[in-house]
Amino acid sequence: MKLWGGRFRESESKLMEEFNASLSFDKRLFLEDITGSIAHVKMLNKCGIVNEDECINIINGLKSILKDIETGKLEINGEYEDIHSFVETNLIERIGQDGKKLHTARSRNDQVAVDMKMYAKKVSMNIVKCIDNLLKTLKEKGEENNYIMPGYTHMQRAQVVTFTHHMMAYYSMLKRDKKRIENAVEILNESPLGCCALAGTIYDTDREFTAKELNFKKPVDNFLDGVSDRDYVIELLSSFSICMMHLSRLSEELIIWSTKEFSFIEMNDKFSTGSSIMPQKKNPDAAELIRGKTGRVYGSLMAMLTVMKGLPLAYDKDMQEDKEQFFDAADTLEMCLMVMQGMVSTMVVKEKKLKEAVKQGFLNATDVADYLVKKGIPFRDAHRISGEIVIYCEENQKSIEELSLEEFKAFSTLFEEDVYNSIDYNEILKKGIKKIMKL
Ligand code: ARG
């Protein structure tokens with residue numbers, strides 16, 4: 001069932017047929033393919049290339065194929081090269097001669113290009129919706145658990161922050177991811193339909209019309225570029241990869257926080273799994289899988305950068321490789337966003353553990369130094385004095401705020417009663433991060 005047998009004396013080898021076929025994976029483009037074809041035939045009719053009856057016949061035929069696919073009456077499989085051949089062959093079988101006119105003034109090169117762009121827009125918008133849900137959850141979880149906790153640098157306790165502020169850091173990252181995806185969609189939003197194989201057509205067609213019918217901003221400017229542009233696939237894969245990187249960093253923190261050693265959170269059973277041998281274990285598999293799948297999405301980005309590198313204009317069959325990479329990466333990201341949302345919304349944050357970690361971490365040592373600076377000591381000297389106080393506290397198993405004023409004065413006579421206010425964690429937060437948080 002080929003669309004191009006005319007010029008061949010011998011038939012294709014079975015091996016080549018199998019190697020060349022894309023139906024098994026491009027079948028998910030059926031809706032875009034049929035929608036694109038309906039717009040195309042309407043345009044052919046408007047421009048006087050097919051008549052009214054032929055146009056109606058073709059549209060009805062395409063609609064009946066769509067309905068049969070959607071209701072499961074027509075399965076997409078068999079000896080077809082790709083989804084385009086599948087739809088066209090089925091159309092000819094259903095409506096006869098008129099069906100053979102559909103492909104006038106079109107090539108599979110502009111057909112697949114427009115299908116992929118429509119599909120990319122659709123899945124990108126689904127992904128943006130999933131990001132929105134996760135953004136909402138991160139904000140709510142943060143607001144519900146406005147506890148003090150240690151902030152880290154080099155994985156060492158550094159300064160006091162709040163759980164809210166920590167969640168809102170991921171909120172900011174994901175907000176950028178959303179913008180990146182929306183921006184990529186804005187750039188790709190030009191229709192390649194009507195470029196034909198590479199050089200347009202001798203027919204007097206109307207690319208503005210099909211662009212409008214299919215919700216594109218405008219037709220592409222250049223035919224050669226129109227059929228061979230896969231920048232948007234790479235740009236979206238890059239945005240997906242950055243988003244996965246963010247999810248992977250959050251996963252890593254959730255994994256660490258749910259260890260007995262940290263115990264900052266407890267994952268809900270719904271998003272944990274057990275061990276087949278060690279009965280006591282509750283494993284954070286969901287977070288680990290997200291971390292693991294990040295590599296897979298990066299792989300798709302690298303694959304497409306490599307596929308496109310060095311391709312001469314215009315269409316080359318190498319580009320068929322875009323589909324499996326893009327589909328897999330988009331499916332993976334969408335699923336990971338949903339799982340992350342479930343995991344974050346159901347986890348329990350342990351206020352007591354977070355507070356204990358703050359107390360044991362000398363997280364107000366910088367504030368001791370800042371206190372002395374305000375009393376006139378240069379920061380470098382204040383830093384040294386505060387460091388000596390930390391050693392003293394470690395040796396005597398005390399936190400800084402537990403020292404008496406006498407003990408403070410042994411390090412500097414400038415310490416007064418007001419030091420306690422300056423090193424109180426809630427006061428520190430008020431002057432620091434809470435200042436910038438619109439909660
Ligand atoms: N399956 C092909 C692809 O995904 C469709 C375009 C085929 N074009 C061609 N000239 N053989 O790229």
# chains A, B, ... in the order shown; residues from 1 in each chain; ligands from 1

$ residues_near_ligand --ligand "ligand 1" --cutoff "12 Å" --atoms "only C-alpha atoms and all ligand atoms" --output "MDAnalysis selection string"
chainID A and resid 2:4 19:29 33 80:86 106:116 196:198 227:230 314:326

$ select_by_dssp --residues "range 220-313 of chain A" --states "helix (DSSP H, G or I)" --output "count of residues only"
60

$ residues_around --residues "Glu252 in chain A" --least-positions-apart "6" --cutoff "8 Å" --atoms "only C-alpha atoms" --output "tab-separated table (two decimals) with N, CA and C atoms, in the first residue's frame"
chain	number	residue	atom	x	y	z
A	287	ALA	N	10.42	9.44	43.56
A	287	ALA	CA	11.43	10.50	43.38
A	287	ALA	C	12.65	9.95	42.63
A	288	GLU	N	13.02	8.72	42.95
A	288	GLU	CA	14.19	8.13	42.26
A	288	GLU	C	13.92	7.93	40.78
A	291	ARG	N	14.24	11.22	39.03
A	291	ARG	CA	15.67	11.54	38.90
A	291	ARG	C	16.28	10.72	37.77

$ atom_distance --atom1 "CA of Ala330 in chain A" --atom2 "CA of Cys243 in chain A"
11.2 Å

$ residues_around --residues "Val160 in chain A" --least-positions-apart "3" --cutoff "8 Å" --atoms "only C-alpha atoms" --output "list in words"
Ile148, Met149, Pro150, Gly151, Val358, Leu363, Asn364, Tyr425, Ile428 and Leu429 of chain A

$ closest_residue --among "A:Lys281, A:Lys260, A:Lys398, A:Lys121" --to "Tyr232 in chain A" --atoms "only C-alpha atoms"
A:Lys121

$ closest_residue --among "A:Leu44, A:Asp204, A:Phe411, A:Ile234" --to "Val307 in chain A" --atoms "only C-alpha atoms"
A:Ile234

$ decode --residues "range 172-190 of chain A" --atoms "N, CA and C atoms" --output "mmCIF file, in the first residue's frame"
data_model
loop_
_atom_site.group_PDB
_atom_site.id
_atom_site.type_symbol
_atom_site.label_atom_id
_atom_site.label_comp_id
_atom_site.auth_asym_id
_atom_site.auth_seq_id
_atom_site.Cartn_x
_atom_site.Cartn_y
_atom_site.Cartn_z
ATOM 1 N N SER A 172 9.712 29.240 41.656
ATOM 2 C CA SER A 172 10.351 30.170 40.704
ATOM 3 C C SER A 172 10.947 29.419 39.518
ATOM 4 N N MET A 173 11.593 28.285 39.801
ATOM 5 C CA MET A 173 12.211 27.508 38.708
ATOM 6 C C MET A 173 11.155 27.037 37.716
ATOM 7 N N LEU A 174 10.058 26.507 38.259
ATOM 8 C CA LEU A 174 9.023 25.951 37.378
ATOM 9 C C LEU A 174 8.260 27.032 36.622
ATOM 10 N N LYS A 175 8.207 28.205 37.215
ATOM 11 C CA LYS A 175 7.572 29.317 36.508
ATOM 12 C C LYS A 175 8.395 29.681 35.262
ATOM 13 N N ARG A 176 9.707 29.605 35.413
ATOM 14 C CA ARG A 176 10.566 29.863 34.241
ATOM 15 C C ARG A 176 10.389 28.765 33.189
ATOM 16 N N ASP A 177 10.228 27.516 33.657
ATOM 17 C CA ASP A 177 10.035 26.399 32.710
ATOM 18 C C ASP A 177 8.788 26.626 31.867
ATOM 19 N N LYS A 178 7.740 27.076 32.550
ATOM 20 C CA LYS A 178 6.475 27.333 31.862
ATOM 21 C C LYS A 178 6.674 28.405 30.794
ATOM 22 N N LYS A 179 7.354 29.476 31.161
ATOM 23 C CA LYS A 179 7.606 30.572 30.214
ATOM 24 C C LYS A 179 8.417 30.092 29.022
ATOM 25 N N ARG A 180 9.410 29.266 29.301
ATOM 26 C CA ARG A 180 10.275 28.757 28.220
ATOM 27 C C ARG A 180 9.446 27.965 27.208
ATOM 28 N N ILE A 181 8.551 27.114 27.709
ATOM 29 C CA ILE A 181 7.728 26.287 26.814
ATOM 30 C C ILE A 181 6.760 27.176 26.020
ATOM 31 N N GLU A 182 6.138 28.120 26.715
ATOM 32 C CA GLU A 182 5.203 29.013 26.021
ATOM 33 C C GLU A 182 5.923 29.830 24.949
ATOM 34 N N ASN A 183 7.134 30.217 25.257
ATOM 35 C CA ASN A 183 7.918 30.993 24.295
ATOM 36 C C ASN A 183 8.274 30.153 23.062
ATOM 37 N N ALA A 184 8.624 28.887 23.295
ATOM 38 C CA ALA A 184 8.954 28.001 22.169
ATOM 39 C C ALA A 184 7.724 27.816 21.283
ATOM 40 N N VAL A 185 6.553 27.703 21.905
ATOM 41 C CA VAL A 185 5.309 27.542 21.137
ATOM 42 C C VAL A 185 5.035 28.795 20.311
ATOM 43 N N GLU A 186 5.287 29.938 20.911
ATOM 44 C CA GLU A 186 5.092 31.218 20.212
ATOM 45 C C GLU A 186 6.000 31.287 18.969
ATOM 46 N N ILE A 187 7.226 30.825 19.106
ATOM 47 C CA ILE A 187 8.162 30.885 17.969
ATOM 48 C C ILE A 187 7.770 29.889 16.864
ATOM 49 N N LEU A 188 7.298 28.698 17.266
ATOM 50 C CA LEU A 188 7.008 27.669 16.241
ATOM 51 C C LEU A 188 5.696 27.913 15.510
ATOM 52 N N ASN A 189 4.918 28.868 15.993
ATOM 53 C CA ASN A 189 3.523 28.994 15.568
ATOM 54 C C ASN A 189 3.325 29.552 14.136
ATOM 55 N N GLU A 190 4.071 29.014 13.173
ATOM 56 C CA GLU A 190 3.924 29.415 11.761
ATOM 57 C C GLU A 190 3.701 28.161 10.932
#
